[in-house]
Amino acid sequence: MSYINKVLDNLKVKFADQPEFLQAVQEVLLSLTPVIEANEEQYRKAALLERLTEPDRQILFRVPWVDDKGQVHVNTGYRVQFNNAIGPYKGGLRFHPSVNLSIIKFLGFEQIFKNSLTGLPIGGGKGGSDFDPKGRSDNEIMNFCHSFINELHKYIGPDRDVPAGDIGVGGREVGYMFGQYKKLNGNYGGVFTGKGLTFGGSLVRTEATGYGLLYFTQAMLKANGHDMSGKVVAVSGSGNVAIYAAQKAMQLGAKVVTMSDSIGWIYDAEGIDLAAVKEIKEVKRGRLSDYTNYRPNAEYHTEGRVWSVKCDIALPCATQNELHLEDAKALAANGCIAVAEGANMPTTMDATAYLQKQGILFAPGKASNAGGVATSALEMSQNSERLSWSFEEVDAKLKDIMENIFAKLDDAARRYGMEGNYVAGANIAGFEKVAQATLSQGI
Ligand code: NDP
């Protein structure tokens, strides 16, 4: 039996109850086949794949907190410190009722290779809680964040593990967590990224994942004889990544016609009014169903998904497994030329395979959404230097990093005779550095 199959078979038995984690590992390992086969004896003997698929440590903890009526609630907190071969653990925290160990492990595993691709010295980790922030007051959010950090603070630090935001965790939550960490530890370390601009945050961090996605997409389009300008774009999600992806797409001359949230989606044939979406989601923390109050000609749907709309480029920016095989077929039938993932693993494996088979350019999230974590690493550099760089300086560095990532994975795919297969290219380029570092550091 091949080394990859042996490892996958063992994981399937051991973690049968972790489907998202198994999906992420399978997608990475299968696309690494040529690299593993070329070094099979060495990797098998060193148990390299077993070591890369077993987290360094997994921390699970109780998070008790009190709501505004005096009722006590208990949630579960998670931090999976997956791999620090090339730098301190780095990865966001997700607050969403769907959070479980499988989801945090899949995100942490992906993060290892994503962080490696940025070219910056950061390892992979991820965390969060099954806490649902929706409908909670500021005071309740603060109570929860403080309780979460009361436990997590023991395990994180600027050279150890540096969390950031993800779904349900934005500037407000990072502020509360940083404040509590500082109180408990008595030092002002750069232990979080995505901090507010008045206390060590970096300009462009808010926009970074969405902007980075578009810098990557533009590089991929250009390498294949296309350009963003004049394209019709379907975006899913209406959170941090989706909003700034839509903004940069518009700045590059594209027309964004859809956005979504967990209840429904909007189609605005004249182009999305981003100021309205920002007011609804960022200020009022409301629902996209309100959008038609701002734009009466737009459509609001609760059935189906945004991918049924005719578009040139699709940017899934909401959550995992939100673009299925039937969506991929609809996109192909409507003449879509490129799909670039803003979210983590939004496209199912069969949908990815279908899109690639149809010759549709496909950018995997671990490469195309790496702009967020890359800018987080730039925030860490600024904190260490006690300096703040200008918006233009950070933005230029972000663009450079995203173009370099595209060049790296394009090159890796070509080296292994898989030109244009950016999934394989991203996994190979991310893996090579981590594998080398792991082997060099011994058992
Ligand atoms: P936000 O919480 O800001 O926004 C998430 C968006 O996705 C919201 O519109 C939300 O709808 C929607 N959504 C969440 N869960 C579901 C679901 N189960 N079904 C349908 N829609 C859903 O998160 P981010 O924008 O930060 O993150 C989005 C994706 O990008 C995630 O996969 C995340 O891991 C990934 N990512 C984020 C980075 C960052 O820097 N923030 C960096 C790299 C990747 P609603 O408003 O109704 O909740």
# chains A, B, ... in the order shown; residues from 1 in each chain; ligands from 1
call {"tool": "residues_around", "arguments": {"residues": "range 399-414 of chain A", "least_positions_apart": "6", "cutoff": "6 Å", "atoms": "only C-alpha atoms", "output": "PDB file with C-alpha atoms, in the first residue's frame"}}
result
ATOM      1  CA  TYR A 215      -4.461  40.655  -5.706  1.00  0.00           C
ATOM      2  CA  PHE A 216      -4.045  36.902  -6.036  1.00  0.00           C
ATOM      3  CA  GLY A 425       0.882  23.852  -6.600  1.00  0.00           C
ATOM      4  CA  ALA A 426      -0.240  25.424  -3.306  1.00  0.00           C
ATOM      5  CA  ALA A 429       4.924  24.753  -2.267  1.00  0.00           C
TER       6      ALA A 429
END
call {"tool": "residues_around", "arguments": {"residues": "Gln42 in chain A", "least_positions_apart": "5", "cutoff": "12 Å", "atoms": "only C-alpha atoms", "output": "PyMOL selection string"}}
result
chain A and resi 3+35-37+47-49+435-436+439
call {"tool": "closest_residue", "arguments": {"among": "A:Val25, A:Ala269, A:Leu315, A:Leu184", "to": "Ala245 in chain A", "atoms": "only C-alpha atoms"}}
result
A:Leu315
call {"tool": "residues_near_ligand", "arguments": {"ligand": "ligand 1", "cutoff": "7 Å", "atoms": "only C-alpha atoms and all ligand atoms", "output": "ChimeraX atom specification"}}
result
/A:165-170,208-209,237-242,260-263,281,287,317-320,342-344,346,369-370,372-373
call {"tool": "closest_residue", "arguments": {"among": "A:Asn427, A:Thr375, A:Asn321, A:Thr206", "to": "Glu282 in chain A", "atoms": "only C-alpha atoms"}}
result
A:Thr206
call {"tool": "atom_distance", "arguments": {"atom1": "CA of Gly371 in chain A", "atom2": "CA of Ala254 in chain A"}}
result
20.0 Å
call {"tool": "residues_around", "arguments": {"residues": "Lys126 in chain A", "least_positions_apart": "3", "cutoff": "6 Å", "atoms": "only C-alpha atoms", "output": "PyMOL selection string"}}
result
chain A and resi 79-80+91-92+104+108
call {"tool": "select_by_dssp", "arguments": {"residues": "range 78-227 of chain A", "states": "alpha helix (DSSP H)", "output": "number ranges by chain"}}
result
A: 101-117, 138-152, 171-185, 205-223
call {"tool": "write_last_selection", "arguments": {"atoms": "C-alpha atoms", "output": "mmCIF file, in the first residue's frame"}}
result
data_model
loop_
_atom_site.group_PDB
_atom_site.id
_atom_site.type_symbol
_atom_site.label_atom_id
_atom_site.label_comp_id
_atom_site.auth_asym_id
_atom_site.auth_seq_id
_atom_site.Cartn_x
_atom_site.Cartn_y
_atom_site.Cartn_z
ATOM 1 C CA LEU A 101 -12.765 19.760 17.212
ATOM 2 C CA SER A 102 -13.064 18.533 13.605
ATOM 3 C CA ILE A 103 -13.569 22.067 12.281
ATOM 4 C CA ILE A 104 -10.780 23.553 14.382
ATOM 5 C CA LYS A 105 -8.389 20.751 13.328
ATOM 6 C CA PHE A 106 -9.211 21.192 9.630
ATOM 7 C CA LEU A 107 -8.607 24.925 9.903
ATOM 8 C CA GLY A 108 -5.379 24.424 11.864
ATOM 9 C CA PHE A 109 -4.081 21.877 9.372
ATOM 10 C CA GLU A 110 -4.783 24.168 6.401
ATOM 11 C CA GLN A 111 -3.155 27.030 8.285
ATOM 12 C CA ILE A 112 0.232 25.240 8.404
ATOM 13 C CA PHE A 113 0.575 25.282 4.616
ATOM 14 C CA LYS A 114 -1.062 28.668 4.143
ATOM 15 C CA ASN A 115 1.357 30.274 6.582
ATOM 16 C CA SER A 116 4.279 28.542 4.919
ATOM 17 C CA LEU A 117 3.182 29.917 1.521
ATOM 18 C CA ASP A 138 -21.628 44.224 24.046
ATOM 19 C CA ASN A 139 -21.461 43.423 27.739
ATOM 20 C CA GLU A 140 -22.193 39.725 27.125
ATOM 21 C CA ILE A 141 -19.573 39.571 24.358
ATOM 22 C CA MET A 142 -17.049 41.135 26.740
ATOM 23 C CA ASN A 143 -17.925 38.676 29.539
ATOM 24 C CA PHE A 144 -17.470 35.756 27.180
ATOM 25 C CA CYS A 145 -14.176 37.040 25.708
ATOM 26 C CA HIS A 146 -12.734 37.676 29.175
ATOM 27 C CA SER A 147 -13.676 34.209 30.406
ATOM 28 C CA PHE A 148 -12.250 32.632 27.234
ATOM 29 C CA ILE A 149 -8.904 34.376 27.801
ATOM 30 C CA ASN A 150 -8.846 33.576 31.516
ATOM 31 C CA GLU A 151 -7.976 30.051 30.416
ATOM 32 C CA LEU A 152 -6.329 30.545 27.016
ATOM 33 C CA GLY A 171 -11.944 43.995 16.084
ATOM 34 C CA ARG A 172 -14.346 44.253 19.029
ATOM 35 C CA GLU A 173 -13.678 40.699 20.257
ATOM 36 C CA VAL A 174 -9.903 40.924 19.702
ATOM 37 C CA GLY A 175 -9.918 44.170 21.751
ATOM 38 C CA TYR A 176 -11.675 42.503 24.713
ATOM 39 C CA MET A 177 -9.380 39.462 24.573
ATOM 40 C CA PHE A 178 -6.213 41.541 24.283
ATOM 41 C CA GLY A 179 -7.345 43.698 27.219
ATOM 42 C CA GLN A 180 -7.865 40.665 29.443
ATOM 43 C CA TYR A 181 -4.581 39.050 28.353
ATOM 44 C CA LYS A 182 -2.743 42.256 29.244
ATOM 45 C CA LYS A 183 -4.423 42.388 32.651
ATOM 46 C CA LEU A 184 -3.562 38.778 33.482
ATOM 47 C CA ASN A 185 0.011 38.886 32.205
ATOM 48 C CA ARG A 205 -5.350 44.246 8.497
ATOM 49 C CA THR A 206 -9.136 44.742 8.300
ATOM 50 C CA GLU A 207 -9.084 44.760 4.503
ATOM 51 C CA ALA A 208 -6.222 42.282 4.091
ATOM 52 C CA THR A 209 -7.934 38.959 3.391
ATOM 53 C CA GLY A 210 -10.388 40.431 0.879
ATOM 54 C CA TYR A 211 -7.818 42.689 -0.799
ATOM 55 C CA GLY A 212 -5.274 39.868 -0.852
ATOM 56 C CA LEU A 213 -7.812 37.571 -2.496
ATOM 57 C CA LEU A 214 -8.209 40.052 -5.318
ATOM 58 C CA TYR A 215 -4.461 40.655 -5.706
ATOM 59 C CA PHE A 216 -4.045 36.902 -6.036
ATOM 60 C CA THR A 217 -7.004 36.549 -8.426
ATOM 61 C CA GLN A 218 -5.706 39.367 -10.607
ATOM 62 C CA ALA A 219 -2.253 37.693 -10.793
ATOM 63 C CA MET A 220 -3.884 34.373 -11.735
ATOM 64 C CA LEU A 221 -6.105 36.014 -14.365
ATOM 65 C CA LYS A 222 -3.205 37.939 -15.899
ATOM 66 C CA ALA A 223 -1.051 34.801 -16.137
#
call {"tool": "select_by_dssp", "arguments": {"residues": "range 232-386 of chain A", "states": "strand (DSSP E)", "output": "ChimeraX atom specification"}}
result
/A:232-236,255-260,265-267,299-301,313-316,338-340,361-363
call {"tool": "closest_residue", "arguments": {"among": "A:Met349, A:Ser388, A:Arg51, A:Gly157", "to": "Leu22 in chain A", "atoms": "only C-alpha atoms"}}
result
A:Met349
call {"tool": "atom_distance", "arguments": {"atom1": "CA of Leu323 in chain A", "atom2": "CA of Phe431 in chain A"}}
result
25.5 Å
call {"tool": "atom_distance", "arguments": {"atom1": "CA of Leu325 in chain A", "atom2": "CA of Gln356 in chain A"}}
result
11.9 Å
